Every structure is written in structure tokens, then in C-alpha cells.
Amino acid sequence: MFTLMAVHAHPDDEVMGTGGTFAHYAAQGVRTVLVTCTNGEQGDGPDGVKPGQPGHDDEAVAKVRLAELRESAAHLGISDVELLGYRDSGMDGWDGNGHERAFANVPVDEAAGRLAELMRTYRPQVVLTYDENGGYGHPDHIQAHRVAARAVELSGVPAKFYYTATPRSWMKDMYDGMVAAGMETEGWDEYESWTTPDEKISAILDTSPYVEHKIKAITAHGSQGDSAFFLSLPPDVQRSMFSGEAYTLVRSTVPAAEGVEDDLFRGLR
């Protein structure tokens, strides 16, 4: 049995970079495993209440987010969801960063040991996670990267290890579409600092058949403001953004492919 495993930081992270990939391979009969490292306690509470504000209850937020995660996973065809159960550290600079149980403060080898055991159990040929910057610098994303990379080393199981990536040209197209639609673009104009040059992309999957799956999965995470943003994109920008997912290959036991891969299991089938 072919198995794909993706390691993500919070409930909802599974959708944007890997949601179409999950749906794509689930449709092929590949076992799809999602490992979510935290319970999302530092997410939005009712009416968008942030941590530290009146009405924010960490445990209640986690309960809601984990329920949303289960619904999202069903839309994406994810066969197995594993929760490491660490505490959400919050965005860089938040008070939650200093919590003793925050995921970002957990010894890497402790969490990696648990993840390595899951890799030995599921035997994934392909593992996905974020790059060294966690995609955009979130402490938990950076920690998920460290933990996943270490678990790959400890287990020796995956044949191929990829980082999620956003090709620079794709984000430029999205940014231009946002500008044309008159949307707020503050912060998005710095996309070159966190996107990947197109020439460094190793694999691109056509996820256009699964755009609706991704939209339903994002909608499932309705308690979070990020969901509202992505769902507010103009339909043409949204479809373009959701129609492909890209990766950089960082470790492989099979010969390197020529050109850009269109199958993460290339060389293994």
C-alpha cells in the first residue's frame, strides 16, 4: 500500500498547501495520513476573539478546532488523523510563545521520537512538511519542520521527503488579482520574501479537480478568520490559487527525476 503523510502545526493548516494533494491521492486509493502537532488553542474564539481578550477560552477553542479538523479531513479524503496534542504557541511575539507546554518549546527529539513511531507504524513512502522558515515564520510551523525532519532521520522510513512551497509566479498572479479586485493587500506585497523561485520547484500537482474539496475543507474551519479571507477571494483568483500545489524535494532514496515531477510517488511505483 502506498502511504502519504503530511505533518502540520495546527488544525486548518492541512488545507491550503496540501489539501488538494490529500484529495488527489485519496482518489487513487493511497492511504493518506495527517499528523497535526497542536490543538490550536491560540486560534480565534467566538466572534474572532483573540487570546488574552475577554471571552477567549483556550480549551473551548481547541475543542471547536479539532471538531473542524475532523470535518475538513473528511472533505479531503484523509484516511487517518493523528494528534500529537501539543499546545499552540501562538504567532511570533504572542504571550503564548512563553508557555512551558507550547509546542515551540518542546524538545525536538521528544516530539520527533513520537512522530518517528508513527512513521514506523504507517510506513509512508512520502512525507510532507514546511520548509526551514515554516512557510512564513510561525513558531509552530518552524518547530513542525524541525520535528518532521528529525523524525525522518530517526525512522529511516520515508523514501521521499518534501517541503511545501509556493512558486513565486503563482503568488504574483494572486497578488495581481487581489489588486485588480480592489482587495486589501497589506503584507501580501512582500510575497517574494516567503515564496520559492519557480526554478527551485521539484514537483507540481494539478489539483484542479479538487478545488471544491478544498473550499469545503476551508469552510469547515469557519471559526478562523483566515478561512473567511480565502473564501472572500474573487472566484477566478480562488480557483487559480487552489488548482495546484507545489513542493521541493529535499531527501530521496530514488534517482532524481528530470524536470518537474507531477507525481510525488514518481520512482516508487
# chains A, B, ... in the order shown; residues from 1 in each chain; ligands from 1
$ select_by_dssp --residues "range 66-150 of chain A" --states "helix (DSSP H, G or I)" --output "ChimeraX atom specification"
/A:66-76,95-98,103-105,108-122,139-150
$ residues_around --residues "Ser227 in chain A" --least-positions-apart "2" --cutoff "12 Å" --atoms "only C-alpha atoms" --output "ChimeraX atom specification"
/A:11-13,15-16,43-44,48,68,72,214-225,229-233
$ write_last_selection --atoms "N, CA and C atoms" --output "PDB file, in the first residue's frame"
ATOM      1  N   PRO A  11      -4.769  22.678  13.440  1.00  0.00           N
ATOM      2  CA  PRO A  11      -5.979  22.389  12.675  1.00  0.00           C
ATOM      3  C   PRO A  11      -6.220  23.537  11.691  1.00  0.00           C
ATOM      4  N   ASP A  12      -6.389  23.257  10.465  1.00  0.00           N
ATOM      5  CA  ASP A  12      -6.654  24.101   9.284  1.00  0.00           C
ATOM      6  C   ASP A  12      -5.433  24.220   8.371  1.00  0.00           C
ATOM      7  N   ASP A  13      -4.221  23.945   8.910  1.00  0.00           N
ATOM      8  CA  ASP A  13      -3.027  24.031   8.074  1.00  0.00           C
ATOM      9  C   ASP A  13      -3.012  22.971   6.971  1.00  0.00           C
ATOM     10  N   VAL A  15      -5.142  22.312   4.837  1.00  0.00           N
ATOM     11  CA  VAL A  15      -5.932  22.613   3.640  1.00  0.00           C
ATOM     12  C   VAL A  15      -5.133  23.312   2.550  1.00  0.00           C
ATOM     13  N   MET A  16      -4.525  24.463   2.869  1.00  0.00           N
ATOM     14  CA  MET A  16      -4.014  25.327   1.809  1.00  0.00           C
ATOM     15  C   MET A  16      -2.868  24.704   1.021  1.00  0.00           C
ATOM     16  N   GLY A  43      -5.973  29.942  18.491  1.00  0.00           N
ATOM     17  CA  GLY A  43      -6.775  30.420  17.373  1.00  0.00           C
ATOM     18  C   GLY A  43      -7.862  31.379  17.835  1.00  0.00           C
ATOM     19  N   ASP A  44      -8.680  31.813  16.889  1.00  0.00           N
ATOM     20  CA  ASP A  44      -9.765  32.747  17.197  1.00  0.00           C
ATOM     21  C   ASP A  44     -10.855  32.063  18.011  1.00  0.00           C
ATOM     22  N   GLY A  48     -14.238  36.035  16.617  1.00  0.00           N
ATOM     23  CA  GLY A  48     -12.877  36.461  16.321  1.00  0.00           C
ATOM     24  C   GLY A  48     -12.059  36.913  17.514  1.00  0.00           C
ATOM     25  N   GLU A  68     -13.622  20.854  13.822  1.00  0.00           N
ATOM     26  CA  GLU A  68     -13.499  21.358  12.455  1.00  0.00           C
ATOM     27  C   GLU A  68     -12.484  20.541  11.661  1.00  0.00           C
ATOM     28  N   SER A  72     -12.976  18.750   8.076  1.00  0.00           N
ATOM     29  CA  SER A  72     -12.089  19.074   6.962  1.00  0.00           C
ATOM     30  C   SER A  72     -11.448  17.810   6.401  1.00  0.00           C
ATOM     31  N   LYS A 214     -11.298  21.474  -1.481  1.00  0.00           N
ATOM     32  CA  LYS A 214     -10.536  22.422  -0.673  1.00  0.00           C
ATOM     33  C   LYS A 214     -11.442  23.522  -0.125  1.00  0.00           C
ATOM     34  N   ILE A 215     -12.356  23.999  -0.944  1.00  0.00           N
ATOM     35  CA  ILE A 215     -13.276  25.047  -0.486  1.00  0.00           C
ATOM     36  C   ILE A 215     -14.125  24.533   0.671  1.00  0.00           C
ATOM     37  N   LYS A 216     -14.615  23.302   0.556  1.00  0.00           N
ATOM     38  CA  LYS A 216     -15.426  22.721   1.644  1.00  0.00           C
ATOM     39  C   LYS A 216     -14.573  22.539   2.901  1.00  0.00           C
ATOM     40  N   ALA A 217     -13.308  22.143   2.711  1.00  0.00           N
ATOM     41  CA  ALA A 217     -12.431  21.948   3.866  1.00  0.00           C
ATOM     42  C   ALA A 217     -12.129  23.280   4.559  1.00  0.00           C
ATOM     43  N   ILE A 218     -11.896  24.326   3.762  1.00  0.00           N
ATOM     44  CA  ILE A 218     -11.666  25.647   4.350  1.00  0.00           C
ATOM     45  C   ILE A 218     -12.924  26.123   5.077  1.00  0.00           C
ATOM     46  N   THR A 219     -14.063  25.913   4.453  1.00  0.00           N
ATOM     47  CA  THR A 219     -15.333  26.315   5.070  1.00  0.00           C
ATOM     48  C   THR A 219     -15.541  25.608   6.398  1.00  0.00           C
ATOM     49  N   ALA A 220     -15.058  24.355   6.492  1.00  0.00           N
ATOM     50  CA  ALA A 220     -15.196  23.603   7.743  1.00  0.00           C
ATOM     51  C   ALA A 220     -14.487  24.303   8.896  1.00  0.00           C
ATOM     52  N   HIS A 221     -13.433  25.055   8.596  1.00  0.00           N
ATOM     53  CA  HIS A 221     -12.684  25.771   9.636  1.00  0.00           C
ATOM     54  C   HIS A 221     -13.257  27.179   9.813  1.00  0.00           C
ATOM     55  N   GLY A 222     -14.554  27.272   9.871  1.00  0.00           N
ATOM     56  CA  GLY A 222     -15.247  28.558   9.882  1.00  0.00           C
ATOM     57  C   GLY A 222     -14.988  29.423  11.100  1.00  0.00           C
ATOM     58  N   SER A 223     -14.442  28.857  12.161  1.00  0.00           N
ATOM     59  CA  SER A 223     -14.193  29.675  13.354  1.00  0.00           C
ATOM     60  C   SER A 223     -12.968  30.576  13.192  1.00  0.00           C
ATOM     61  N   GLN A 224     -12.185  30.349  12.154  1.00  0.00           N
ATOM     62  CA  GLN A 224     -10.922  31.065  11.996  1.00  0.00           C
ATOM     63  C   GLN A 224     -11.000  32.135  10.899  1.00  0.00           C
ATOM     64  N   GLY A 225     -10.439  33.298  11.183  1.00  0.00           N
ATOM     65  CA  GLY A 225     -10.504  34.417  10.253  1.00  0.00           C
ATOM     66  C   GLY A 225      -9.828  34.151   8.930  1.00  0.00           C
ATOM     67  N   PHE A 229     -10.953  34.922   4.823  1.00  0.00           N
ATOM     68  CA  PHE A 229     -10.144  35.621   3.815  1.00  0.00           C
ATOM     69  C   PHE A 229     -10.070  34.818   2.525  1.00  0.00           C
ATOM     70  N   PHE A 230      -9.690  33.565   2.613  1.00  0.00           N
ATOM     71  CA  PHE A 230      -9.526  32.760   1.404  1.00  0.00           C
ATOM     72  C   PHE A 230     -10.845  32.571   0.665  1.00  0.00           C
ATOM     73  N   LEU A 231     -11.932  32.494   1.414  1.00  0.00           N
ATOM     74  CA  LEU A 231     -13.236  32.331   0.782  1.00  0.00           C
ATOM     75  C   LEU A 231     -13.737  33.632   0.171  1.00  0.00           C
ATOM     76  N   SER A 232     -13.103  34.754   0.544  1.00  0.00           N
ATOM     77  CA  SER A 232     -13.525  36.049   0.004  1.00  0.00           C
ATOM     78  C   SER A 232     -12.803  36.412  -1.284  1.00  0.00           C
ATOM     79  N   LEU A 233     -11.832  35.618  -1.685  1.00  0.00           N
ATOM     80  CA  LEU A 233     -11.095  35.911  -2.920  1.00  0.00           C
ATOM     81  C   LEU A 233     -12.038  35.854  -4.116  1.00  0.00           C
TER      82      LEU A 233
END
$ atom_distance --atom1 "CA of Tyr162 in chain A" --atom2 "CA of Pro209 in chain A"
22.2 Å
$ select_by_dssp --residues "range 31-235 of chain A" --states "strand (DSSP E or B)" --output "ChimeraX atom specification"
/A:31-38,80-87,102,126-129,160-165,167,196,203-206
$ write_last_selection --atoms "N, CA, C and O atoms" --output "compact mmCIF listing (two decimals), in the first residue's frame"
# COMPACT_ATOMS: atom_id res chain seq x y z
N ARG A 31 -3.22 5.54 0.97
CA ARG A 31 -3.55 5.86 2.36
C ARG A 31 -2.97 7.23 2.68
O ARG A 31 -1.79 7.48 2.43
N THR A 32 -3.78 8.11 3.22
CA THR A 32 -3.37 9.48 3.49
C THR A 32 -3.42 9.73 5.00
O THR A 32 -4.46 9.55 5.63
N VAL A 33 -2.29 10.15 5.55
CA VAL A 33 -2.16 10.32 6.99
C VAL A 33 -1.82 11.78 7.29
O VAL A 33 -0.85 12.33 6.75
N LEU A 34 -2.61 12.39 8.14
CA LEU A 34 -2.35 13.75 8.61
C LEU A 34 -1.91 13.70 10.06
O LEU A 34 -2.61 13.15 10.91
N VAL A 35 -0.76 14.29 10.35
CA VAL A 35 -0.30 14.46 11.73
C VAL A 35 -0.40 15.94 12.06
O VAL A 35 0.25 16.77 11.43
N THR A 36 -1.23 16.27 13.04
CA THR A 36 -1.41 17.66 13.48
C THR A 36 -0.75 17.80 14.84
O THR A 36 -1.09 17.08 15.78
N CYS A 37 0.18 18.72 14.96
CA CYS A 37 1.04 18.78 16.14
C CYS A 37 0.39 19.48 17.34
O CYS A 37 0.70 19.15 18.49
N THR A 38 -0.46 20.48 17.10
CA THR A 38 -1.09 21.20 18.21
C THR A 38 -2.60 21.16 18.09
O THR A 38 -3.15 20.80 17.04
N ASP A 80 -6.46 8.85 7.86
CA ASP A 80 -6.02 8.74 9.25
C ASP A 80 -5.56 10.10 9.75
O ASP A 80 -4.74 10.77 9.10
N VAL A 81 -6.08 10.51 10.91
CA VAL A 81 -5.66 11.76 11.55
C VAL A 81 -5.02 11.42 12.89
O VAL A 81 -5.65 10.76 13.73
N GLU A 82 -3.79 11.83 13.06
CA GLU A 82 -3.07 11.61 14.31
C GLU A 82 -2.80 12.96 14.96
O GLU A 82 -2.32 13.90 14.31
N LEU A 83 -3.10 13.07 16.25
CA LEU A 83 -2.91 14.31 17.00
C LEU A 83 -1.77 14.13 18.00
O LEU A 83 -1.82 13.24 18.85
N LEU A 84 -0.74 14.98 17.89
CA LEU A 84 0.33 14.94 18.88
C LEU A 84 -0.10 15.64 20.16
O LEU A 84 0.45 15.39 21.23
N GLY A 85 -1.08 16.57 20.06
CA GLY A 85 -1.70 17.15 21.23
C GLY A 85 -0.92 18.23 21.96
O GLY A 85 -1.26 18.58 23.10
N TYR A 86 0.10 18.80 21.32
CA TYR A 86 0.84 19.87 21.98
C TYR A 86 0.03 21.16 21.99
O TYR A 86 -0.93 21.32 21.24
N ARG A 87 0.45 22.09 22.85
CA ARG A 87 -0.24 23.37 22.98
C ARG A 87 0.20 24.33 21.88
O ARG A 87 1.39 24.46 21.59
N ALA A 102 3.99 24.97 25.36
CA ALA A 102 3.85 25.38 23.96
C ALA A 102 4.71 24.48 23.07
O ALA A 102 5.83 24.13 23.42
N VAL A 126 6.15 8.68 1.28
CA VAL A 126 6.29 10.12 1.05
C VAL A 126 5.84 10.88 2.29
O VAL A 126 4.77 10.60 2.85
N VAL A 127 6.67 11.83 2.73
CA VAL A 127 6.34 12.70 3.87
C VAL A 127 6.46 14.15 3.42
O VAL A 127 7.40 14.53 2.71
N LEU A 128 5.51 14.97 3.86
CA LEU A 128 5.46 16.39 3.52
C LEU A 128 5.45 17.23 4.80
O LEU A 128 4.83 16.86 5.79
N THR A 129 6.12 18.35 4.77
CA THR A 129 6.02 19.34 5.85
C THR A 129 6.51 20.68 5.31
O THR A 129 6.75 20.84 4.12
N LYS A 160 10.88 9.48 0.20
CA LYS A 160 10.94 10.84 -0.34
C LYS A 160 10.38 11.81 0.70
O LYS A 160 9.35 11.55 1.33
N PHE A 161 11.07 12.92 0.86
CA PHE A 161 10.71 13.93 1.85
C PHE A 161 10.65 15.28 1.14
O PHE A 161 11.63 15.71 0.52
N TYR A 162 9.49 15.92 1.22
CA TYR A 162 9.25 17.18 0.50
C TYR A 162 8.89 18.29 1.47
O TYR A 162 8.26 18.06 2.51
N TYR A 163 9.22 19.53 1.06
CA TYR A 163 8.71 20.72 1.72
C TYR A 163 7.62 21.32 0.84
O TYR A 163 7.75 21.37 -0.39
N THR A 164 6.56 21.80 1.47
CA THR A 164 5.55 22.54 0.73
C THR A 164 6.18 23.85 0.22
O THR A 164 7.08 24.40 0.85
N ALA A 165 5.70 24.33 -0.90
CA ALA A 165 6.28 25.53 -1.50
C ALA A 165 5.21 26.30 -2.26
O ALA A 165 4.25 25.73 -2.76
N PRO A 167 5.25 28.66 -5.49
CA PRO A 167 6.04 29.27 -6.56
C PRO A 167 5.82 30.77 -6.63
O PRO A 167 4.68 31.25 -6.50
N THR A 196 8.89 30.68 -3.20
CA THR A 196 10.03 29.93 -3.73
C THR A 196 10.23 30.27 -5.20
O THR A 196 9.26 30.22 -5.97
N ALA A 203 8.26 19.62 -7.69
CA ALA A 203 7.04 18.89 -8.06
C ALA A 203 5.85 19.84 -8.04
O ALA A 203 5.74 20.70 -7.16
N ILE A 204 4.96 19.65 -9.01
CA ILE A 204 3.71 20.40 -9.06
C ILE A 204 2.59 19.42 -9.36
O ILE A 204 2.64 18.67 -10.34
N LEU A 205 1.58 19.41 -8.49
CA LEU A 205 0.42 18.56 -8.71
C LEU A 205 -0.74 19.40 -9.23
O LEU A 205 -1.01 20.49 -8.71
N ASP A 206 -1.42 18.88 -10.23
CA ASP A 206 -2.63 19.51 -10.73
C ASP A 206 -3.77 19.11 -9.80
O ASP A 206 -4.22 17.96 -9.79
$ atom_distance --atom1 "CA of Ser208 in chain A" --atom2 "CA of Met5 in chain A"
21.0 Å
$ residues_around --residues "Lys63 in chain A" --least-positions-apart "2" --cutoff "12 Å" --atoms "only C-alpha atoms" --output "list in words"
Pro11, Thr38, Asn39, Gly40, Glu41, Gln42, Gly43, Gly45, Asp57, Asp58, Glu59, Ala60, Val61, Arg65, Leu66, Ala67, Glu68, Leu69, Arg70, Gly85 and Ser223 of chain A
$ closest_residue --among "A:Gln238, A:Gln143, A:Thr207, A:Thr195" --to "Phe22 in chain A" --atoms "only C-alpha atoms"
A:Thr207
